[in-house]
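**Student:** This is query.csv, which holds CSV, C-alpha atoms:
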```csv
chain,number,residue,atom,x,y,z
H,1,MET,CA,6.3,-8.1,37.1
H,2,THR,CA,2.7,-7.0,38.0
H,3,ARG,CA,2.2,-5.9,34.5
H,4,LYS,CA,3.1,-9.3,33.2
H,5,ILE,CA,0.7,-11.0,35.7
H,6,PHE,CA,-2.1,-8.6,34.7
H,7,LEU,CA,-1.4,-9.3,31.0
H,8,ILE,CA,-1.5,-13.1,31.5
H,9,ALA,CA,-4.7,-12.9,33.5
H,10,MET,CA,-6.3,-10.7,30.8
H,11,LEU,CA,-5.2,-13.0,28.0
H,12,THR,CA,-6.5,-16.1,29.8
H,13,SER,CA,-9.8,-14.5,30.6
H,14,ILE,CA,-10.2,-13.4,27.0
H,15,PHE,CA,-9.4,-17.0,25.9
H,16,ILE,CA,-12.0,-18.5,28.3
H,17,LEU,CA,-14.6,-16.0,27.1
H,18,PHE,CA,-13.9,-16.8,23.5
H,19,SER,CA,-14.0,-20.5,23.9
H,20,ALA,CA,-17.2,-20.2,25.9
H,21,SER,CA,-18.8,-18.2,23.2
H,22,ILE,CA,-17.8,-20.8,20.6
H,23,PHE,CA,-19.2,-23.8,22.6
H,24,LYS,CA,-22.4,-22.2,23.8
H,25,SER,CA,-23.4,-20.4,20.7
H,26,GLU,CA,-25.5,-23.1,19.1
H,27,LYS,CA,-28.7,-22.2,20.8
H,28,TYR,CA,-28.5,-18.6,19.6
H,29,LEU,CA,-27.9,-19.5,16.0
H,30,ASN,CA,-30.7,-19.2,13.6
H,31,ASP,CA,-30.9,-18.9,9.8
H,32,PHE,CA,-33.6,-16.3,9.6
H,33,SER,CA,-31.6,-13.7,7.7
H,34,LYS,CA,-30.0,-16.3,5.4
H,35,SER,CA,-33.3,-17.7,4.4
H,36,TYR,CA,-34.8,-14.2,4.0
H,37,TYR,CA,-32.0,-13.1,1.7
H,38,LEU,CA,-32.1,-16.3,-0.3
H,39,SER,CA,-35.8,-16.2,-0.9
H,40,ASN,CA,-36.4,-12.4,-1.3
H,41,GLY,CA,-33.0,-11.1,-2.3
H,42,PHE,CA,-33.4,-11.4,-6.1
H,43,TYR,CA,-36.9,-9.8,-6.2
H,44,GLU,CA,-36.1,-6.9,-3.9
H,45,THR,CA,-32.7,-6.0,-5.3
H,46,GLY,CA,-32.5,-7.4,-8.8
H,47,SER,CA,-29.1,-9.0,-8.3
H,48,LYS,CA,-28.4,-12.6,-9.0
H,49,ASN,CA,-25.2,-12.4,-7.0
H,50,ILE,CA,-26.6,-12.2,-3.4
H,51,VAL,CA,-23.3,-10.6,-2.1
H,52,THR,CA,-23.8,-7.6,-4.4
H,53,GLY,CA,-27.4,-7.4,-3.4
H,54,ILE,CA,-26.5,-7.2,0.2
H,55,TYR,CA,-23.7,-4.7,0.0
H,56,LEU,CA,-25.4,-2.4,-2.5
H,57,ASP,CA,-28.9,-2.5,-1.2
H,58,TYR,CA,-29.5,-3.9,2.3
H,59,ARG,CA,-26.1,-2.7,3.7
H,60,LEU,CA,-25.5,0.3,1.5
H,61,PHE,CA,-24.7,2.6,4.4
H,62,ASP,CA,-21.6,0.5,5.3
H,63,SER,CA,-20.4,0.6,1.7
H,64,ILE,CA,-20.6,4.3,1.5
H,65,PHE,CA,-18.5,4.8,4.5
H,66,GLU,CA,-16.0,2.2,3.3
H,67,ALA,CA,-15.6,4.3,0.1
H,68,SER,CA,-15.2,7.5,2.2
H,69,ILE,CA,-12.5,5.8,4.3
H,70,LEU,CA,-10.5,5.1,1.2
H,71,LEU,CA,-10.9,8.8,0.1
H,72,ILE,CA,-9.6,9.9,3.5
H,73,VAL,CA,-6.6,7.6,3.4
H,74,VAL,CA,-5.6,8.7,-0.1
H,75,SER,CA,-5.9,12.4,0.8
H,76,GLY,CA,-3.9,11.8,4.0
H,77,ILE,CA,-1.1,10.1,2.2
H,78,ILE,CA,-0.9,12.9,-0.5
H,79,PHE,CA,-1.0,15.6,2.2
H,80,ILE,CA,1.8,14.0,4.3
H,81,SER,CA,4.0,13.5,1.2
H,82,THR,CA,3.7,17.1,-0.1
H,83,ARG,CA,3.4,19.3,3.0
H,84,ASP,CA,6.1,17.3,4.8
H,85,ASP,CA,8.5,20.2,5.6
H,86,LYS,CA,5.8,22.4,7.1
H,87,ILE,CA,4.4,19.8,9.5
H,88,LEU,CA,7.5,18.2,10.9
N,1,MET,CA,-13.0,-35.1,-2.9
N,2,ASN,CA,-10.0,-33.8,-4.9
N,3,ILE,CA,-10.7,-30.3,-3.6
N,4,THR,CA,-10.2,-31.3,0.0
N,5,ILE,CA,-6.8,-32.9,-0.9
N,6,ILE,CA,-5.7,-29.7,-2.7
N,7,GLY,CA,-7.0,-27.6,0.1
N,8,ASN,CA,-5.0,-29.6,2.7
N,9,LEU,CA,-1.8,-29.4,0.6
N,10,LEU,CA,-2.3,-25.6,0.2
N,11,GLN,CA,-2.7,-25.2,4.0
N,12,ILE,CA,0.5,-27.1,4.7
N,13,LEU,CA,2.3,-24.9,2.1
N,14,LEU,CA,0.8,-21.8,3.7
N,15,ILE,CA,2.2,-22.7,7.1
N,16,ILE,CA,5.7,-23.3,5.5
N,17,ILE,CA,5.6,-20.0,3.7
N,18,ALA,CA,4.5,-18.1,6.8
N,19,LEU,CA,7.4,-19.6,8.7
N,20,THR,CA,9.7,-18.6,5.9
N,21,ILE,CA,8.5,-15.0,6.0
N,22,VAL,CA,9.1,-14.8,9.7
N,23,LEU,CA,12.5,-16.4,9.7
N,24,SER,CA,13.9,-14.7,6.5
N,25,SER,CA,16.3,-11.9,6.9
N,26,ASP,CA,16.4,-10.6,3.3
N,27,ASN,CA,13.8,-7.9,2.7
N,28,ILE,CA,13.2,-8.5,-1.0
N,29,LYS,CA,12.8,-12.3,-0.5
N,30,MET,CA,10.4,-11.6,2.3
N,31,VAL,CA,8.2,-9.4,-0.1
N,32,ILE,CA,8.2,-12.1,-2.7
N,33,PHE,CA,7.2,-14.8,-0.2
N,34,PHE,CA,4.5,-12.4,1.0
N,35,SER,CA,3.1,-12.2,-2.5
N,36,ALA,CA,3.1,-16.0,-2.7
N,37,PHE,CA,1.3,-16.2,0.6
N,38,SER,CA,-1.5,-13.9,-0.7
N,39,LEU,CA,-1.8,-16.1,-3.8
N,40,ILE,CA,-2.2,-19.3,-1.8
N,41,THR,CA,-4.6,-17.6,0.6
N,42,SER,CA,-6.8,-16.5,-2.4
N,43,GLY,CA,-6.8,-20.1,-3.6
N,44,LEU,CA,-8.0,-21.3,-0.2
N,45,TYR,CA,-10.7,-18.7,-0.2
N,46,TYR,CA,-11.8,-19.9,-3.6
N,47,PHE,CA,-12.0,-23.6,-2.4
N,48,ASN,CA,-14.0,-22.5,0.6
N,49,LYS,CA,-16.6,-20.9,-1.7
N,50,ALA,CA,-15.8,-17.2,-1.3
N,51,PRO,CA,-14.8,-16.1,-4.8
N,52,ASP,CA,-15.4,-12.4,-4.0
N,53,VAL,CA,-12.8,-12.4,-1.2
N,54,ALA,CA,-10.4,-14.3,-3.4
N,55,LEU,CA,-10.6,-11.7,-6.2
N,56,ALA,CA,-9.9,-8.9,-3.7
N,57,GLU,CA,-7.1,-10.8,-2.0
N,58,VAL,CA,-5.3,-11.6,-5.3
N,59,ALA,CA,-5.4,-8.0,-6.5
N,60,ILE,CA,-4.5,-6.2,-3.3
N,61,GLY,CA,-2.3,-8.8,-1.5
N,62,SER,CA,-0.2,-10.1,-4.4
N,63,ALA,CA,0.1,-7.0,-6.7
N,64,ILE,CA,-0.3,-3.7,-4.9
N,65,MET,CA,1.1,-4.4,-1.4
N,66,PRO,CA,4.4,-5.9,-2.7
N,67,LEU,CA,4.9,-2.9,-5.0
N,68,ILE,CA,4.5,-0.4,-2.1
N,69,LEU,CA,6.7,-2.5,0.1
N,70,ILE,CA,9.4,-2.8,-2.6
N,71,ILE,CA,9.4,1.0,-3.2
N,72,SER,CA,9.8,1.6,0.6
N,73,ILE,CA,12.7,-0.9,0.7
N,74,SER,CA,14.4,0.6,-2.3
N,75,LYS,CA,14.3,4.0,-0.7
N,76,GLN,CA,16.3,2.6,2.2
N,77,ARG,CA,19.1,1.5,0.0
N,78,VAL,CA,20.2,5.0,-0.8
N,79,PHE,CA,22.8,6.7,1.4
N,80,MET,CA,22.0,10.4,1.1
N,81,VAL,CA,24.7,12.9,1.9
N,82,VAL,CA,24.3,16.7,1.9
N,83,ASN,CA,27.4,18.6,1.2
N,84,TYR,CA,27.9,21.9,3.1
N,85,ALA,CA,31.7,22.1,2.5
N,86,ASP,CA,32.8,24.4,-0.2
N,87,ASP,CA,36.1,22.8,-1.4
N,88,ASP,CA,36.7,19.6,-3.4
N,89,PHE,CA,36.5,17.3,-0.4
N,90,LEU,CA,33.5,15.5,-1.8
N,91,SER,CA,34.1,16.1,-5.5
N,92,SER,CA,33.2,13.0,-7.5
N,93,GLU,CA,34.9,13.9,-10.8
N,94,GLU,CA,36.8,11.2,-12.6
N,95,GLY,CA,40.5,11.2,-11.9
N,96,LYS,CA,40.6,13.7,-9.1
N,97,GLU,CA,38.2,12.4,-6.5
N,98,GLY,CA,38.2,14.0,-3.1
N,99,ARG,CA,39.4,12.1,-0.1
N,100,GLY,CA,36.0,12.2,1.6
N,101,TYR,CA,34.4,10.9,-1.5
N,102,GLU,CA,36.7,7.9,-1.6
N,103,ILE,CA,35.9,7.1,2.1
N,104,LEU,CA,32.2,7.4,1.5
N,105,ALA,CA,32.3,5.4,-1.7
N,106,SER,CA,34.2,2.5,0.0
N,107,PHE,CA,31.8,2.7,2.9
N,108,SER,CA,28.7,2.5,0.7
N,109,GLU,CA,30.3,-0.3,-1.3
N,110,TYR,CA,30.7,-2.2,2.0
N,111,TYR,CA,27.0,-2.0,2.8
N,112,LYS,CA,25.8,-2.3,-0.8
N,113,LEU,CA,24.2,1.1,-0.6
N,114,LYS,CA,23.9,3.6,-3.4
N,115,LEU,CA,25.7,6.9,-2.7
N,116,GLU,CA,23.9,10.1,-3.5
N,117,ILE,CA,25.6,13.4,-2.8
N,118,HIS,CA,23.5,16.5,-2.9
N,119,PRO,CA,25.2,20.0,-3.0
N,120,LYS,CA,24.1,22.7,-0.7
N,121,GLU,CA,22.5,24.8,-3.5
N,122,ASP,CA,19.7,22.3,-4.0
N,123,GLY,CA,18.2,23.5,-0.8
N,124,GLU,CA,16.3,21.0,1.3
N,125,PRO,CA,15.6,17.8,-0.5
N,126,GLN,CA,11.9,17.3,-1.1
N,127,GLY,CA,10.0,14.1,-0.5
N,128,LEU,CA,8.2,11.7,1.7
N,129,PHE,CA,9.3,12.2,5.4
N,130,THR,CA,12.1,14.4,4.1
N,131,ASN,CA,13.9,15.2,7.3
N,132,ARG,CA,14.4,11.7,8.3
N,133,SER,CA,15.9,10.6,5.0
N,134,VAL,CA,19.1,12.6,5.1
N,135,ASP,CA,21.8,10.2,6.4
N,136,LEU,CA,24.8,12.4,6.6
N,137,LEU,CA,25.7,16.1,6.7
N,138,VAL,CA,29.3,17.1,5.7
N,139,GLU,CA,30.5,20.5,7.0
N,140,LYS,CA,33.8,22.2,7.3
N,141,CYS,CA,34.5,23.8,10.7
N,142,PRO,CA,36.0,27.3,10.0
N,143,SER,CA,38.0,27.6,13.2
N,144,THR,CA,39.8,24.2,13.4
N,145,ASN,CA,39.8,23.3,9.6
N,146,LYS,CA,38.3,19.9,10.4
N,147,TYR,CA,35.7,18.2,8.3
N,148,LEU,CA,32.6,17.3,10.4
N,149,LEU,CA,30.5,14.3,9.4
N,150,LYS,CA,27.1,14.6,11.2
N,151,GLY,CA,24.8,11.6,11.4
N,152,LYS,CA,22.1,10.2,13.5
N,153,LYS,CA,23.0,8.6,16.8
N,154,SER,CA,20.5,5.8,16.3
N,155,SER,CA,22.0,4.6,13.1
N,156,ILE,CA,24.2,1.5,13.3
N,157,LEU,CA,26.1,2.6,10.2
N,158,MET,CA,27.7,5.5,12.0
N,159,ASN,CA,29.8,3.2,14.2
N,160,LYS,CA,31.3,1.7,11.1
N,161,LEU,CA,32.0,5.1,9.6
N,162,GLU,CA,33.7,6.2,12.9
N,163,GLN,CA,35.9,3.1,12.7
N,164,MET,CA,36.9,3.9,9.1
N,165,THR,CA,37.9,7.5,9.8
N,166,ILE,CA,39.6,6.9,13.1
N,167,ASP,CA,43.1,7.4,11.7
N,168,LYS,CA,42.4,10.5,9.7
N,169,TRP,CA,43.3,13.5,11.9
N,170,ASP,CA,41.1,16.1,10.1
N,171,ILE,CA,37.9,14.1,9.9
N,172,GLU,CA,35.6,14.0,12.9
N,173,VAL,CA,32.3,12.0,13.1
N,174,LEU,CA,29.6,13.5,15.2
N,175,LYS,CA,26.6,11.5,16.3
N,176,ILE,CA,23.6,13.7,16.9
N,177,LYS,CA,20.4,12.6,18.7
N,178,GLU,CA,17.3,12.1,16.7
N,179,GLY,CA,15.4,15.4,15.9
N,180,GLU,CA,18.4,17.7,16.1
N,181,THR,CA,19.4,17.3,12.5
N,182,ASP,CA,16.1,18.6,11.3
N,183,ASP,CA,17.2,22.2,10.8
J,1,MET,CA,17.1,2.7,-14.9
J,2,LYS,CA,16.1,0.9,-18.0
J,3,ASN,CA,13.8,-2.1,-17.9
J,4,SER,CA,14.6,-5.4,-19.6
J,5,SER,CA,12.9,-5.7,-23.0
J,6,ILE,CA,11.2,-9.0,-22.1
J,7,LEU,CA,9.4,-7.3,-19.2
J,8,VAL,CA,8.3,-4.4,-21.4
J,9,CYS,CA,7.1,-6.7,-24.2
J,10,ILE,CA,5.1,-8.9,-21.9
J,11,SER,CA,3.6,-5.9,-20.1
J,12,ARG,CA,2.5,-4.4,-23.4
J,13,ILE,CA,0.7,-7.6,-24.3
J,14,LEU,CA,-0.9,-8.1,-20.9
J,15,PHE,CA,-2.0,-4.5,-20.3
J,16,PRO,CA,-5.2,-4.5,-22.5
J,17,PHE,CA,-6.4,-7.9,-21.2
J,18,ILE,CA,-6.0,-6.9,-17.6
J,19,LEU,CA,-7.9,-3.7,-18.3
J,20,LEU,CA,-10.7,-5.7,-20.0
J,21,PHE,CA,-10.9,-8.2,-17.2
J,22,GLY,CA,-11.2,-5.4,-14.6
J,23,PHE,CA,-14.1,-3.7,-16.6
J,24,TYR,CA,-15.7,-7.2,-17.0
J,25,ILE,CA,-15.7,-7.8,-13.3
J,26,ILE,CA,-17.1,-4.3,-12.6
J,27,ILE,CA,-19.9,-4.5,-15.1
J,28,ASN,CA,-20.9,-8.0,-14.3
J,29,GLY,CA,-20.8,-7.4,-10.5
J,30,HIS,CA,-24.5,-8.2,-10.1
J,31,VAL,CA,-24.4,-11.5,-12.0
J,32,SER,CA,-21.1,-13.1,-11.2
J,33,PRO,CA,-18.7,-12.9,-8.2
J,34,GLY,CA,-16.9,-9.6,-8.1
J,35,GLY,CA,-18.0,-6.0,-7.9
J,36,GLY,CA,-16.8,-2.5,-7.6
J,37,PHE,CA,-14.0,-3.0,-5.1
J,38,GLN,CA,-12.4,-6.1,-6.7
J,39,GLY,CA,-12.7,-4.7,-10.2
J,40,GLY,CA,-11.2,-1.4,-9.1
J,41,ALA,CA,-8.2,-3.2,-7.6
J,42,ILE,CA,-7.7,-5.1,-10.8
J,43,LEU,CA,-7.9,-1.9,-12.8
J,44,ALA,CA,-5.3,-0.3,-10.5
J,45,THR,CA,-3.0,-3.3,-11.2
J,46,ALA,CA,-3.4,-2.7,-14.9
J,47,ILE,CA,-2.4,0.9,-14.5
J,48,LEU,CA,0.5,-0.2,-12.4
J,49,ILE,CA,1.8,-2.2,-15.4
J,50,THR,CA,2.1,1.0,-17.4
J,51,TYR,CA,5.0,2.0,-15.0
J,52,PHE,CA,6.9,-1.0,-16.3
J,53,ILE,CA,6.3,0.1,-19.9
J,54,ASP,CA,7.2,3.7,-19.4
J,55,PRO,CA,9.0,4.5,-16.1
J,56,GLU,CA,9.3,8.2,-16.8
J,57,ARG,CA,5.6,8.8,-17.0
J,58,ILE,CA,4.0,9.9,-13.7
J,59,LEU,CA,0.3,10.7,-13.8
J,60,ASN,CA,-1.1,14.0,-12.7
J,61,LEU,CA,-2.0,13.6,-9.1
J,62,LYS,CA,-4.2,16.6,-8.7
J,63,PHE,CA,-6.3,15.5,-11.6
J,64,LEU,CA,-6.7,12.0,-10.2
J,65,ILE,CA,-7.7,13.2,-6.8
J,66,ASN,CA,-10.2,15.6,-8.3
J,67,LEU,CA,-11.8,12.7,-10.3
J,68,GLU,CA,-11.9,10.6,-7.2
J,69,LYS,CA,-13.7,13.3,-5.2
J,70,SER,CA,-16.2,13.9,-8.0
J,71,SER,CA,-17.0,10.2,-8.3
J,72,PHE,CA,-17.6,10.0,-4.6
J,73,ILE,CA,-20.0,13.0,-4.8
J,74,ILE,CA,-21.8,11.2,-7.7
J,75,ILE,CA,-22.1,8.1,-5.6
J,76,LEU,CA,-23.7,10.1,-2.8
J,77,LEU,CA,-26.1,11.7,-5.3
J,78,ILE,CA,-27.2,8.4,-6.7
J,79,VAL,CA,-27.7,7.0,-3.3
J,80,SER,CA,-29.8,9.9,-2.0
J,81,LEU,CA,-32.1,9.7,-5.1
J,82,SER,CA,-34.1,7.1,-3.2
J,83,PHE,CA,-35.3,9.8,-0.8
J,84,LEU,CA,-37.5,11.2,-3.6
J,85,THR,CA,-39.0,7.8,-4.7
J,86,ARG,CA,-39.0,5.6,-1.6
J,87,GLY,CA,-38.7,8.2,1.2
J,88,VAL,CA,-35.6,6.5,2.7
J,89,PHE,CA,-31.9,7.2,2.1
J,90,PHE,CA,-29.4,4.6,1.1
J,91,THR,CA,-31.5,2.1,-0.9
J,92,ASN,CA,-32.4,1.5,-4.5
J,93,PHE,CA,-34.3,4.4,-6.1
J,94,VAL,CA,-36.7,2.1,-8.0
J,95,PRO,CA,-39.8,1.2,-5.9
J,96,ILE,CA,-39.7,-2.1,-4.2
J,97,ASP,CA,-42.3,-3.8,-6.4
J,98,GLY,CA,-40.8,-2.4,-9.7
J,99,GLU,CA,-39.3,-4.2,-12.6
J,100,ILE,CA,-36.1,-6.3,-11.9
J,101,ASP,CA,-34.5,-5.1,-15.1
J,102,ILE,CA,-34.8,-1.5,-14.1
J,103,LYS,CA,-33.4,-2.2,-10.6
J,104,LYS,CA,-30.2,-3.5,-12.3
J,105,ILE,CA,-29.5,0.0,-13.6
J,106,PHE,CA,-28.9,1.2,-10.0
J,107,LEU,CA,-26.5,-1.8,-9.3
J,108,ILE,CA,-24.5,-1.3,-12.5
J,109,ALA,CA,-24.1,2.4,-12.0
J,110,LEU,CA,-23.1,2.2,-8.4
J,111,ASN,CA,-20.7,-0.7,-9.1
J,112,PHE,CA,-19.1,1.4,-11.9
J,113,PHE,CA,-18.6,4.5,-9.8
J,114,ILE,CA,-17.3,2.5,-6.8
J,115,GLY,CA,-14.9,0.7,-9.1
J,116,MET,CA,-13.7,4.0,-10.6
J,117,LYS,CA,-13.2,5.5,-7.2
J,118,VAL,CA,-11.2,2.5,-5.8
J,119,ALA,CA,-9.0,2.4,-8.9
J,120,LEU,CA,-8.2,6.1,-8.8
J,121,GLY,CA,-7.5,6.0,-5.1
J,122,LEU,CA,-5.1,3.1,-5.4
J,123,VAL,CA,-3.4,4.6,-8.4
J,124,SER,CA,-2.9,7.9,-6.7
J,125,VAL,CA,-1.5,6.1,-3.6
J,126,PHE,CA,1.2,4.2,-5.5
J,127,SER,CA,2.0,7.0,-7.9
J,128,THR,CA,2.7,9.2,-4.8
J,129,PHE,CA,5.0,6.5,-3.5
J,130,ILE,CA,6.8,6.2,-6.8
J,131,LYS,CA,7.2,9.9,-7.2
J,132,GLU,CA,8.4,10.6,-3.7
J,133,GLY,CA,10.4,7.5,-3.4
J,134,GLY,CA,12.7,8.6,-6.2
J,135,TYR,CA,12.8,5.0,-7.4
J,136,ARG,CA,11.9,4.1,-10.9
J,137,ILE,CA,10.8,0.6,-11.5
```
Can the structure from this file be put into structure tokens for me?

**Tutor:**
Amino acid sequence: MTRKIFLIAMLTSIFILFSASIFKSEKYLNDFSKSYYLSNGFYETGSKNIVTGIYLDYRLFDSIFEASILLIVVSGIIFISTRDDKIL
Amino acid sequence: MNITIIGNLLQILLIIIALTIVLSSDNIKMVIFFSAFSLITSGLYYFNKAPDVALAEVAIGSAIMPLILIISISKQRVFMVVNYADDDFLSSEEGKEGRGYEILASFSEYYKLKLEIHPKEDGEPQGLFTNRSVDLLVEKCPSTNKYLLKGKKSSILMNKLEQMTIDKWDIEVLKIKEGETDD
Amino acid sequence: MKNSSILVCISRILFPFILLFGFYIIINGHVSPGGGFQGGAILATAILITYFIDPERILNLKFLINLEKSSFIIILLIVSLSFLTRGVFFTNFVPIDGEIDIKKIFLIALNFFIGMKVALGLVSVFSTFIKEGGYRI
């Protein structure tokens, strides 16, 4: 019973925080990065598609680790499927 | 203007398909509806000016995920039996089928499963999550001359098998807890 | 299990076009929507279609995973080339006030290798599933 009460209290507090962050976020919004990418993106990265310019130049660190996550997933699946008898 | 009308129609269709996925009981139908769900979602992404996300969604969500799910479902439809008994109790030859084979064939006919009987000489069957995928072990007890059918306790199918063999005096169904059949 | 001849025929017709579309999306990633990941997923779908044509054929998994690993190493090498020219890792290796046409080389090469890597990864995932599932499409 106490678990349910705690769960409901947690969910309502999360809901209140989320709705507060939605309604009060206007004064923190700015379009600095958007206007920067739109004005300088083509000359700094050479890409007409600004999405490619962002994920292959400004945020390349993220893309590399996305690729490494895929590598880890694939090798994990192959490892589990072939060495099954020895693990379990 | 037309785009907003199409977008609203697609959103209504998306809600209907999502409810169908949740309420449907057939697995294959569920996978097909999931594929349609991804297709409609990618259309909505396109109308909301995100063509990159739409391309990724239409390739991953409606082609690769359903294939992997269908393979996983089709693996469930096989009823795998490992035969440890030496005589012709489970022989599947035409004309002189063993008694155990007839029981298991009618059982798997009832649940629309595909029966696969592996002899002992094959050793342990290889594959993904091997130890969980053997459904039934057939042994012959040397002291009492009874045939023992060993299955998992958590499987619902075992109750039906126990009902079917309740009037055969030399067949006994043993339900074993999870993890003990691994050896 | 043998496939129906309509499915095999349609798959044979569609296979080169899907392959072409995937390469188009990868190569034109810096001009039009798309890029390495999306094109790689479409290429993986094209290789998935070959299982409809010939269900008996299963690709060599060890070779695929070796290719994937080496393409990941090539990506890391291309990315760290910028340490020699700009002094910073993880950016373009052409200096920031260089020609735009030369900067495109970096984008095309990186898109290409990321696309290869994603396609090989997805292909090895579902060929593992097909091989171990014991189910032939």

**Student:** Report as number ranges by chain all protein, DNA and RNA residues lying within 8 Å of region 62-66 of chain J, evaluated on all atoms listed in the file, omitting residues in the same chain fewer than 5 positions from it.

**Tutor:** H: 75; J: 120-121, 124

**Student:** Using only C-alpha atoms, please write the residues we just selected to a file, as a JSON list (two decimals), in the frame of the given file.

**Tutor:**
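Heads up, here's the output in selection11.json:
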```json
[["chain", "number", "residue", "atom", "x", "y", "z"],
["H", 75, "SER", "CA", -5.90, 12.40, 0.80],
["J", 120, "LEU", "CA", -8.20, 6.10, -8.80],
["J", 121, "GLY", "CA", -7.50, 6.00, -5.10],
["J", 124, "SER", "CA", -2.90, 7.90, -6.70]]
```

**Student:** In Å, rounded to a single decimal, give me how far CA of Asn60 (chain J) is from CA of Ile70 (chain N).

**Tutor:**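 If I compute the distance from CA of Ile70 (chain N) to CA of Asn60 (chain J), I get 22.2 Å.
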
**Student:** Tell me as an NGL selection string which residues belonging to chain J come within 12 Å of chain N, counting all atoms listed in the file.

**Tutor:** :J and (18 or 21-22 or 25-26 or 29-30 or 32-49 or 51-52 or 118-119 or 122-123 or 125-137)

**Student:** Those selected residues, please, written with C-alpha atoms and delivered as a short mmCIF file (atom, residue, chain, number, x, y, z; two decimals), in the frame of the given file.

**Tutor:**
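Saved to result24.cif:
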```cif
data_model
loop_
_atom_site.label_atom_id
_atom_site.label_comp_id
_atom_site.auth_asym_id
_atom_site.auth_seq_id
_atom_site.Cartn_x
_atom_site.Cartn_y
_atom_site.Cartn_z
CA ILE J 18 -6.00 -6.90 -17.60
CA PHE J 21 -10.90 -8.20 -17.20
CA GLY J 22 -11.20 -5.40 -14.60
CA ILE J 25 -15.70 -7.80 -13.30
CA ILE J 26 -17.10 -4.30 -12.60
CA GLY J 29 -20.80 -7.40 -10.50
CA HIS J 30 -24.50 -8.20 -10.10
CA SER J 32 -21.10 -13.10 -11.20
CA PRO J 33 -18.70 -12.90 -8.20
CA GLY J 34 -16.90 -9.60 -8.10
CA GLY J 35 -18.00 -6.00 -7.90
CA GLY J 36 -16.80 -2.50 -7.60
CA PHE J 37 -14.00 -3.00 -5.10
CA GLN J 38 -12.40 -6.10 -6.70
CA GLY J 39 -12.70 -4.70 -10.20
CA GLY J 40 -11.20 -1.40 -9.10
CA ALA J 41 -8.20 -3.20 -7.60
CA ILE J 42 -7.70 -5.10 -10.80
CA LEU J 43 -7.90 -1.90 -12.80
CA ALA J 44 -5.30 -0.30 -10.50
CA THR J 45 -3.00 -3.30 -11.20
CA ALA J 46 -3.40 -2.70 -14.90
CA ILE J 47 -2.40 0.90 -14.50
CA LEU J 48 0.50 -0.20 -12.40
CA ILE J 49 1.80 -2.20 -15.40
CA TYR J 51 5.00 2.00 -15.00
CA PHE J 52 6.90 -1.00 -16.30
CA VAL J 118 -11.20 2.50 -5.80
CA ALA J 119 -9.00 2.40 -8.90
CA LEU J 122 -5.10 3.10 -5.40
CA VAL J 123 -3.40 4.60 -8.40
CA VAL J 125 -1.50 6.10 -3.60
CA PHE J 126 1.20 4.20 -5.50
CA SER J 127 2.00 7.00 -7.90
CA THR J 128 2.70 9.20 -4.80
CA PHE J 129 5.00 6.50 -3.50
CA ILE J 130 6.80 6.20 -6.80
CA LYS J 131 7.20 9.90 -7.20
CA GLU J 132 8.40 10.60 -3.70
CA GLY J 133 10.40 7.50 -3.40
CA GLY J 134 12.70 8.60 -6.20
CA TYR J 135 12.80 5.00 -7.40
CA ARG J 136 11.90 4.10 -10.90
CA ILE J 137 10.80 0.60 -11.50
#
```

**Student:** List the neighbours of Ile108 (chain J) out to 12 Å using only C-alpha atoms; skip same-chain residues closer than 6 positions along the sequence, and give me the result as a list in words.

**Tutor:**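 In the requested format, the answer is Thr45, Gly46, Ser47, Thr52, Gly53 and Leu56 of chain H; Phe23, Tyr24, Ile25, Ile26, Ile27, Asn28, Gly29, His30, Val31, Gly35, Gly36, Ile75, Ile78, Asn92, Asp101, Ile102, Ile114 and Gly115 of chain J.
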
**Student:** Quick one: pull the distance between CA of Leu115 (chain N) and CA of Met164 (chain N), Å, one decimal.

**Tutor:** 16.5 Å

**Student:** Between J:Arg86, J:Arg12, J:Lys104, J:Lys117, which is the closest to Leu67 (chain J) once you count only C-alpha atoms?

**Tutor:**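 Of J:Arg86, J:Arg12, J:Lys104, J:Lys117, the one nearest Leu67 (chain J) is J:Lys117, counting only C-alpha atoms.
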
**Student:** Hey, can you pull every residue with an atom no more than 7 Å from (-39.1, -8.0, -3.2), using all atoms listed in the file, and send it as an MDAnalysis selection string?

**Tutor:** (chainID H and resid 40:41 43:44) or (chainID J and resid 96:97)

**Student:** Between CA of Ile64 (chain H) and CA of Asn30 (chain H), what distance in Å does the model show, to one decimal?

**Tutor:**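 Between CA of Ile64 (chain H) and CA of Asn30 (chain H) the gap works out to 28.3 Å.
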
**Student:** Taking all atoms listed in the file into account, name the residue in H:Phe23, H:Phe61, H:Phe79, H:Phe42 that is nearest to chain N.

**Tutor:** H:Phe79

**Student:** From the list H:Ala20, H:Leu7, H:Ile14, H:Ala67, which residue is nearest chain J when using all atoms listed in the file?

**Tutor:**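 That would be H:Ala67, the residue with the smallest distance to chain J.
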
**Student:** Between J:Ser11, J:Thr85, J:Ser80, J:Thr50, which has the minimum distance to chain H (counting all atoms listed in the file)?

**Tutor:**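 Comparing J:Ser11, J:Thr85, J:Ser80, J:Thr50 against chain H, the winner is J:Ser80.
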
**Student:** So that I can see what lies close to Ile32 (chain N), please list as JSON, numbers by chain the residues with an atom at most 10 Å from it, counting only C-alpha atoms and leaving out residues fewer than 5 positions away in the same chain.

**Tutor:** {"N": [21, 27, 37, 62, 66, 70]}

**Student:** With distances taken over only C-alpha atoms, which residue among H:Ile5, H:Ile22, H:Val51, H:Val73 lies nearest chain N?

**Tutor:**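 Of all the options, H:Val51 lies closest to chain N.
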
**Student:** Using all atoms listed in the file, which residue out of H:Asp57, H:Glu26, H:Asp31, H:Asp62 lies closest to chain J?

**Tutor:** H:Asp57
